[in-house]
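Student: Below is one structure. I have some questions about it.
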Amino acid sequence: MSRLLFGGDYNPEQWPEEVWLEDVRLMREAGVNTATLGVFSWSSLEPEEGRFEFGWLDRAIELLHEHGIGVILATPTASPPPWFSVAHPEGLPVTADGVRLLHGSRDTYNPASPAYRAAAVRIATALAERYGTHPALVAWHLHNEYGTVGFGPEVDREFRGWLERRYGSLAELNRAWHTAFWSQGYSAWEQAFAPQATQYLANPTQLIDFKRFAAELLLDCYREQIEAVRRLSPGAPVTTNFMLPTWLHYDPWAFGEASDLVAVDHYVDARGVEGAAHAALGADLARSFGGGARWLLMEQAANLTMRGGRLLAKEPGAALRTSLQHVARGADGVLFFQWRTAPAGAEAFHSTMVPHAGPDSRVFREVCELGRTLGALDAVASPLAAVPAPGAGGEPVVRARVAIAWSADAWWAADSPGLPAHDEGFYAAVRRTHRALWMAGHVTDFTRLDAGLGRYDLVLVPSHLAASDAEVAALDVYVRAGGHVVVWHFSGTFDSELHIELGGYAGRFAEMLGVRVEELSPLDDGETVALDDGATGTQWSEFVELRGATAEARYTDGLVAGRPAVTGKRHGEGLARYVSTRLDDAAFDALLHRALADAGVAPDAAGAGGGLEIVRRAGADGASFTFAINHTSATRTARLSGTDAFTGALVDGEVELAAGSYAVVCEE
Amino acid sequence: MSRLLFGGDYNPEQWPEEVWLEDVRLMREAGVNTATLGVFSWSSLEPEEGRFEFGWLDRAIELLHEHGIGVILATPTASPPPWFSVAHPEGLPVTADGVRLLHGSRDTYNPASPAYRAAAVRIATALAERYGTHPALVAWHLHNEYGTVGFGPEVDREFRGWLERRYGSLAELNRAWHTAFWSQGYSAWEQAFAPQATQYLANPTQLIDFKRFAAELLLDCYREQIEAVRRLSPGAPVTTNFMLPTWLHYDPWAFGEASDLVAVDHYVDARGVEGAAHAALGADLARSFGGGARWLLMEQAANLTMRGGRLLAKEPGAALRTSLQHVARGADGVLFFQWRTAPAGAEAFHSTMVPHAGPDSRVFREVCELGRTLGALDAVASPLAAVPAPGAGGEPVVRARVAIAWSADAWWAADSPGLPAHDEGFYAAVRRTHRALWMAGHVTDFTRLDAGLGRYDLVLVPSHLAASDAEVAALDVYVRAGGHVVVWHFSGTFDSELHIELGGYAGRFAEMLGVRVEELSPLDDGETVALDDGATGTQWSEFVELRGATAEARYTDGLVAGRPAVTGKRHGEGLARYVSTRLDDAAFDALLHRALADAGVAPDAAGAGGGLEIVRRAGADGASFTFAINHTSATRTARLSGTDAFTGALVDGEVELAAGSYAVVCEE
Amino acid sequence: MSRLLFGGDYNPEQWPEEVWLEDVRLMREAGVNTATLGVFSWSSLEPEEGRFEFGWLDRAIELLHEHGIGVILATPTASPPPWFSVAHPEGLPVTADGVRLLHGSRDTYNPASPAYRAAAVRIATALAERYGTHPALVAWHLHNEYGTVGFGPEVDREFRGWLERRYGSLAELNRAWHTAFWSQGYSAWEQAFAPQATQYLANPTQLIDFKRFAAELLLDCYREQIEAVRRLSPGAPVTTNFMLPTWLHYDPWAFGEASDLVAVDHYVDARGVEGAAHAALGADLARSFGGGARWLLMEQAANLTMRGGRLLAKEPGAALRTSLQHVARGADGVLFFQWRTAPAGAEAFHSTMVPHAGPDSRVFREVCELGRTLGALDAVASPLAAVPAPGAGGEPVVRARVAIAWSADAWWAADSPGLPAHDEGFYAAVRRTHRALWMAGHVTDFTRLDAGLGRYDLVLVPSHLAASDAEVAALDVYVRAGGHVVVWHFSGTFDSELHIELGGYAGRFAEMLGVRVEELSPLDDGETVALDDGATGTQWSEFVELRGATAEARYTDGLVAGRPAVTGKRHGEGLARYVSTRLDDAAFDALLHRALADAGVAPDAAGAGGGLEIVRRAGADGASFTFAINHTSATRTARLSGTDAFTGALVDGEVELAAGSYAVVCEE
């Protein structure tokens with residue numbers, strides 16, 4: 001059986017059985033070895049409460065199995081059937097305005113509702129009982145894109161319990177939420193609610209606590225299903241599919257640890273080189289959320305770039321190159337949403353492997369070419385059940401020497417009400433940083449700050465507004481042990497309760513950085529500030545004072561004229577830089593270049609960068625593979641050495657890659 | 001009695017009776033022969049439930065009658081009085097979010113509520129009993145601008161019943177709505193609801209079915225009133241006023257057929273030539289919705305151009321020219337909202353015939369001039385009761401050789417969630433097409449595709465995403481019988497259930513067009529694509545394959561380079577063109593020019609076009625009238641022949657029309 | 001004890017008591033003499049219903065008192081504690097859509113709820129009982145920024161009662177609301193509701209009546225607290241803080257009269273000269289709302305310019321200059337929100353006197369400089385209890401010869417639905433006018449039109465759409481007695497019931513102006529109209545006819561070509577000008593210049609204007625002080641004469657003021 005999974009979501013229940021026969025024929029033609037069943041099939045599997053209809057699924061699995069196609073089986077719990085809404089209205093989600101949402105779309109469930117939780121475990125259990133030991137079973141795909149949490153009495157009750165557990169006493173709650181401000185002091189637990197619609201700015205700590213609670217509530221739902229399934233299906237790895245990268249309704253590290261391997265959905269939002277940069281971002285997040293372990297790309301689109309509400313077609317070869325990027329960056333499977341396009345419904349134009357036009361189409365021909373290509377790379381992957389679990393340690397599948405800090409708290413803190421300015425925010429700052437590194441030819445990890453920094457030579461900390469005690473301490477230890485870091489403006493302002501460290505902004509990191517930020521000075525729309533090294537800043541500036549650091553650049557105009565703009569403080573071999581404005585692109589690249597050089601980090605491969613992507617990953621049996629992908633529209637040259645994975649020829653030296661083409665070599 | 005109706009909405013209940021005397025004096029001065037009473041008078045007619053006060057209306061009608069002014073009597077059911085809200089809260093409309101809307105504006109009714117329906121029929125019956133045979137009665141104006149349908153339990157109950165009648169079984173409902181997608185399978189009728197607020201994209205077929213249901217619900221309300229009124233007022237024609245052209249809460253063909261004649265409200269949204277093009281669009285829609293029969297302009301504004309929330313004054317003479325356009329295009333009456341401007345209320349600035357400034361005003365002087373002009377054209381019109389009903393056949397009042405396809409389904413389908421791009425949409429594509437034909441001097445009909453195409457030489461099909469089996473078949477028959485058609489990109493993609501025809505987009509029309517559309521390629525914002533004939537496309541492109549058609553132009557760049565952009569397929573004398581992008585204006589005009597020329601369609605009159613509008617319509621007794629209106633700011637020349645309607649002089653040859661002026665000649 | 005108050009909101013309950021000691025030390029260092037306590041302290045003072053905790057407040061007041069710092073004591077009623085929401089859900093505000101808002105922010109109260117009203121009076125009474133005669137007590141600050149009124153049954157009940165009292169009969173209500181339009185006739189009082197969500201445009205008179213009711217409801221709340229507090233604290237002046245200038249939820253004149261002195265909150269929204277113009281606007285409003293009496297600046301920000309959601313830092317010295325502007329324009333106290341920045345909560349970044357960085361900061365150093373400066377100006381102010389109450393007559397603290405008309409009705413009328421165009425509106429027109437006068441060196445009052453015009457030489461009436469009978473009569477008397485006025489387009493269109501004066505727009509003022517406005521002609525976006533004096537108009541034009549006035553300028557193009565654009569009518573010495581378009585900046589300045597010159601109004605001081613602000617105000621004991629503040633970035637010269645308030649030196653002649661500097665001289 002193939003190890004490198006290739007396939008996609010498959011919904012035979014949407015088609016007459018005669019189509020199934022064409023499906024398996026085409027799957028084999030395309031080299032598909034895996035199909036994901038059941039993702040939104042609840043109403044087909046349990047058309048009335050407690051009455052199950054497994055016949056169609058039995059037949060579909062058998063048919064696939066007969067044709068050598070493995071099955072990833074999903075629990076359908078992301079979309080309860082209409083009978084559920086009518087029988088359990090309290091199981092429906094409620095908006096912050098108190099509107100109860102009805103079925104008719106997807107995700108109309110309330111994770112705080114016991115009725116929903118019971119129904120979800122029941123269908124998961126029924127599936128595991130029936131299929132848990134089926135030889136076609138490759139893995140479990142629990143739920144879909146966890147993310148929906150609403151409001152209302154059920155949620156209030158659970159949130160109240162969570163607060164009691166977290167804070168123990170009302171005094172602690174009042175302290176943490178700083179309820180003395182605006183007369184919010186709580187004198188009984190029954191006064192605590194989820195942050196539904198209120199008159200004006202909500203309490204930021206209440207908001208972030210609610211996000212944490214919601215993430216844990218979803219994790220509880222996930223764990224209940226894991227427990228139900230693992231018991232009855234001991235051999236099959238269990239995962240769920242994260243929606244990347246702009247959904248953050250969960251703590252990805254916690255979900256990763258709960259899983260046997262990480263799986264993600266990723267849809268690129270640009271064509272060409274920018275699209276490739278975006279794909280690399282998604283892949284590096286996925287690998288990182290599993291602690292460096294191999295992972296699965298559970299969903300991507302064969303011919304679809306989503307951009308501002310438009311579904312743009314992909315350029316020729318893009319799906320193949322993107323898929324190779326994912327494999328290069330650690331994926332042991334490349335799957336699509338979905339196999340065959342639905343003829344109707346809200347996502348009928350979501351692109352698929354077999355489009356509306358049928359197999360006689362550019363799209364399906366590219367799918368077949370991708371299948372052939374992946375077929376030649378099977379040695380890259382391990383048997384799924386043999387992939388080390390996230391957090392189990394072991395060598396990462398791809399070795400990165402530079403990492404970007406990522407945490408749900410940092411993201412959520414940047415979305416707080418009442419911040420002094422809407423600067424680019426956590427995600428945009430992270431994406432910009434990752435893209436700049438990718439363009440410079442570097443492979444990047446994402447990392448939590450509170451663990452495991454030692455494996456990196458350089459840690460970048462963009463827009464990390466809230467930092468826990470553990471994060472502060474770990475980063476400090478890292479720097480004092482010789483690590484290099486760059487910290488972005490406004491980072492380290494808050495602790496985990498969103499209390500501001502007094503004495504100066506960035507105060508959590510201030511000693512490490514050797515600066516004191518006396519005052520913030522966000523810039524107006526269109527306002528810029530000049531630096532003495534020729535750089536220009538926008539969005540933000542600060543009244544920085546040196547307290548042990550030296551200035552690498554100073555402001556030359558504006559309210560902050562004369563103040564340090566970029567600083568560095570040495571800690572023996574360690575170096576902690578601070579940048580107090582949003583640098584223009586060239587200055588930003590130059591800063592990163594300096595930081596990389598100081599940390600001794602060079603690209604893994606000569607010639608990489610500028611859209612020529614070169615990545616080395618571990619294969620299955622100690623082998624390593626180097627992927628070179630030319631995303632540009634010009635011929636580029638890569639220096640490679642090893643066995644060509646497609647031809648078996650020995651390669652050693654400069655290889656010319658035409659625009660859009662690629663090479664993979666294996667070094668044992 | 002005059003046959004060409006001239007007047008407007010009249011609300012004597014808003015004024016002391018001494019003003020009424022001035023009103024009738026001024027009406028006579030202006031040549032007004034018709035007043036529409038009672039449009040929003042419910043609370044004045046029935047101030048408490050079941051207690052009627054007809055005295056004021058008796059006196060108003062008598063006063064008008066004494067002065068020779070006919071009455072169009074409205075039922076006031078578009079705005080129930082405050083007592084209704086208090087007595088029957090379930091008769092109020094509810095938003096998709098569950099908010100029950102209260103009185104205080106207009107249209108606070110729920111057409112699914114039995115209480116509302118009963119109250120509406122009661123007041124309509126009471127009016128018909130009292131005035132049904134009054135000699136002043138010209139026609140019935142039932143309700144006002146049907147359009148309001150909300151949500152809530154009353155609507156859910158009716159919608160459920162409609163679904164049961166439409167689909168018969170849950171299996172059929174599940175098939176049609178493709179509920180296997182996203183776990184929406186229904187296992188009991190009680191699970192079906194109107195598409196109220198849900199979590200994410202709603203089911204497109206459920207949405208369009210709800211729009212159809214709502215249109216039929218409104219039609220039921222209309223029919224109930226028709227029945228109540230016709231029984232007691234056998235001689236008077238019955239109509240209701242459509243709001244044109246951007247309201248589409250009903251199927252205009254069905255409403256037209258239910259009426260004795262079509263009446264519309266139309267407010268132009270531009271000045272100058274663009275305003276004239278917009279007026280012509282409204283007039284052609286109105287005539288078409290009645291199958292070519294004479295119609296009434298029930299509302300327009302004397303001095304008001306609505307544009308992005310601004311009420312702009314009209315340029316001198318604009319009201320007169322617009323009114324002549326409507327008469328030229330088949331109106332047998334030109335009425336205004338309203339006679340006298342209210343001194344207060346939400347629409348106090350809606351322009352009227354007697355403005356706030358009083359009769360000593362530019363506006364009223366123009367109204368008087370219009371009255372004199374229309375007075376000289378009385379022979380154009382027929383007695384209202386003699387106008388053939390919509391769908392009764394007979395010669396159309398204006399003969400058009402080119403038609404644009406129009407259907408509620410096509411509009412609604414273009415508003416579906418999840419479409420691949422927000423291109424210009426149905427209404428904008430239709431308006432652009434109509435305008436281009438008007439600028440080229442052509443009179444255009446709108447047509448349903450499933451009937452009566454034989455009368456046209458050319459049928460244009462812009463943005464017709466959903467096509468029924470009957471539409472597909474009728475268009476096919478039309479082309480094979482020698483008809484010419486042009487079909488826009490993405491048209492014919494869906495059937496009536498919004499299921500996509502598989503095998504290629506535009507699939508419903510694919511064989512007729514001789515193309516296969518393998519793949520869509522919507523363009524990004526600002527993206528363009530070049531054609532080999534020098535044209536430029538925006539918004540949209542497609543991977544078109546020829547399957548019997550020939551390419552008239554090909555793409556030369558972008559993802560679709562080399563593919564056909566505009567195609568044509570011959571069917572004997574018939575010709576079916578397809579255009580797969582949004583052409584630039586010049587190329588669009590050139591395409592239409594080619595299509596018209598191939599179909600042998602020339603403008604009715606030499607010199608027409610570019611803002612000189614020349615239209616011939618049937619008069620009352622076999623006569624025909626030619627209207628020439630110069631909307632431009634330059635002198636233009638028209639070739640006319642007949643008797644000048646104003647001077648009685650014989651005209652034969654070139655007539656000079658100064659900027660803004662007009663001529664009407666009668667040919668018997 | 002100091003007379004010129006200096007300090008800010010102080011929330012010791014948010015800090016451990018050890019911080020309090022630093023607070024009083026720093027307050028003394030900064031020259032702070034006043035602290036405002038208790039603004040949002042309800043949950044700290046009454047943590048459970050009926051259980052009070054005054055200990056912390058006792059200690060805080062004693063500590064301040066010991067250090068010679070006076071206390072302004074607030075009632076905390078703007079933010080009920082969480083226990084209130086749970087015990088009295090009907091006391092929560094409800095949106096127009098029926099959403100009940102929950103605690104978690106501030107202002108979650110319903111002023112129509114008896115439970116809220118009782119709880120508010122209870123806490124106010126308890127505070128007055130305990131602290132009403134405390135020697136540290138300087139004044140009472142009741143509630144905070146009155147402004148929240150929602151919807152729902154409690155509000156409906158009160159509104160209904162208000163309507164019954166106002167109109168006496170349903171017939172009167174129906175007449176005033178013109179309910180004959182759109183079938184809104186009321187036949188029972190129970191049918192009357194607050195204007196919650198409805199289907200389309202709401203009734204404008206109902207809307208403005210609701211705003212008036214809401215303003216009175218808030219005033220009732222205020223009066224209840226005044227009564228409770230005055231009884232127990234006879235010596236201390238009572239006030240509340242208005243939020244200026246874009247909040248208008250109350251009638252400022254009525255609130256002013258109910259108070260012992262006016263207090264306002266004002267946050268500038270620009271830097272530099274524009275910020276100074278904005279500060280002057282706020283100060284002039286505050287003084288005017290008290291009828292010219294001395295007033296308090298209750299809140300400003302030390303280092304914060306709010307602009308489109310951004311919190312921008314102030315330029316050096318800006319807080320000092322702004323504070324001097326307020327004192328120059330009549331403030332006897334300059335206070336800040338707030339003393340020490342909260343470490344958490346929704347407004348943690350709201351700037352304060354002691355910033356997060358602590359006292360070693362630019363901000364605190366500027367606060368200390370401000371304290372020293374104000375300390376030298378103590379003779380400007382009177383003991384607070386000796387300030388004459390608003391409306392008590394007496395000489396105004398600053399003498400203005402030109403006034404701008406201001407009324408809540410005029411503002412509210414300009415927000416009505418269905419107006420013919422969204423022109424700049426009341427507030428923008430007023431702000432533009434005030435700024436132009438300020439730039440020209442004039443001190444401006446705001447005035448009600450129905451009283452006290454005699455003190456002015458020129459009255460400007462921008463965008464005053466609705467005018468009461470009393471306003472119309474008083475302005476007429478003023479002009480006939482020799483006064484000069486300029487009236488803006490569209491003003492005088494409505495009476496107090498928002499009924500349009502018939503016969504021509506501006507009809508309420510038409511006879512006085514000598515014009516008839518036959519027709520409005522709002523301009524399209526980007527459309528302009530030229531005048532024969534070289535000016536350009538935008539947004540608006542009118543068909544003006546002269547009826548006794550003469551044309552000062554005429555339109556030369558557009559629909560209104562040839563019509564008068566600017567007119568004047570003499571009434572003996574009196575002169576009434578009308579301007580029917582929005583003039584370009586230069587023409588607007590020229591018109592004001594002409595009007596000022598004709599009225600004989602020159603700036604108080606030579607050289608004033610263009611950002612050099614020179615204002616003379618009354619001191620405490622018959623002395624007068626002249627403030628000269630240079631807001632520009634260049635050196636400017638002012639002619640001053642008197643005793644330098646800081647050095648005691650005699651000054652007489654030209655004084656050079658460097659960029660950003662200031663001078664104050666005393667003339668006895």
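Ordering of the structure tokens sets the chain letters (A, B, ...), residue numbers begin anew at 1 in every chain, and ligands are numbered from 1 in the order given.
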Extract, using only C-alpha atoms, all DNA, RNA and protein residues at most 7 Å from Gln184 (chain A), discarding same-chain residues fewer than 6 positions from it, and format them as a list in words.
Tutor: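 The neighbour list is Ser43, Pro81, Pro82 and Gly104 of chain C.
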Student: Apply DSSP to the backbone of this structure and, from region 75-152 of chain B, keep only the residues in strand (DSSP E or B); write these as a PyMOL selection string.
Tutor: chain B and resi 94+100+137-141
Student: Give me, as number ranges by chain, the residues of chain A touching chain C, with the criterion being at most 6 Å (counting only C-alpha atoms).
Tutor: A: 180, 182-185, 191, 197-198, 200-204, 418, 420-421, 499-500, 502-504, 518, 521-522
Student: Contacts of Phe159 (chain C) at 8 Å or less, counting only C-alpha atoms, minus same-chain residues fewer than 4 places along, as a list in words?
Tutor: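 Here the qualifying residues turn out to be Val155, Leu163, Phe193, Ala194, Phe210 and Phe213 of chain C.
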Student: With distances taken over only C-alpha atoms, which of B:Gly375, B:Gly132, B:Gly235, B:Gly147 is nearest to Gly7 (chain B)?
Tutor: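 The closest residue to Gly7 (chain B) is B:Gly375.
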Student: So, with only C-alpha atoms as the atoms that count, which of A:Ala553, A:Val121, A:Leu127, A:Ala302 lies closest to Arg223 (chain A)?
Tutor: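 Ranked by minimum distance to Arg223 (chain A), first place goes to A:Val121.
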Student: Just the residues within 7 Å of His484 (chain A), please, counting only C-alpha atoms, with nothing from its chain fewer than 4 positions along; format it as a list in words.
Tutor: Asp457, Leu458, Val459, Val479, Gly574, Leu575, Ala576 and Ala599 of chain A
Student: So that I can see what lies close to Ala74 (chain A), please list as a PyMOL selection string the residues with an atom at most 7 Å from it, counting only C-alpha atoms and leaving out residues fewer than 3 positions away in the same chain.
Tutor: chain A and resi 36-39+140-143
Student: Counting only C-alpha atoms, figure out which residue out of C:Asn241, C:Thr125, C:Thr205, C:Ser624 gets nearest to Glu497 (chain C).
Tutor: C:Thr205
Student: Could you name the residues that touch Ala590 (chain A) at 12 Å or less, counting only C-alpha atoms, but leaving out those on the same chain fewer than 4 positions away, as a PyMOL selection string?
Tutor: chain A and resi 436-437+440+533-535+583-586+594-597
Student: Report, in Å with one decimal, the straight-line distance from CA of Gly610 (chain C) to CA of Ala277 (chain C).
Tutor: 10.1 Å
Student: Rounded to one decimal, what separation in Å do you get between CA of Trp20 (chain B) and CA of Ala385 (chain B)?
Tutor: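 Separation of CA of Trp20 (chain B) and CA of Ala385 (chain B): 28.1 Å.
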Student: Per DSSP on the backbone, filter region 21-246 of chain B down to the residues in alpha helix (DSSP H) and report them as a ChimeraX atom specification.
Tutor: /B:21-30,42-45,55-66,82-87,114-131,153-167,170-176,204-232
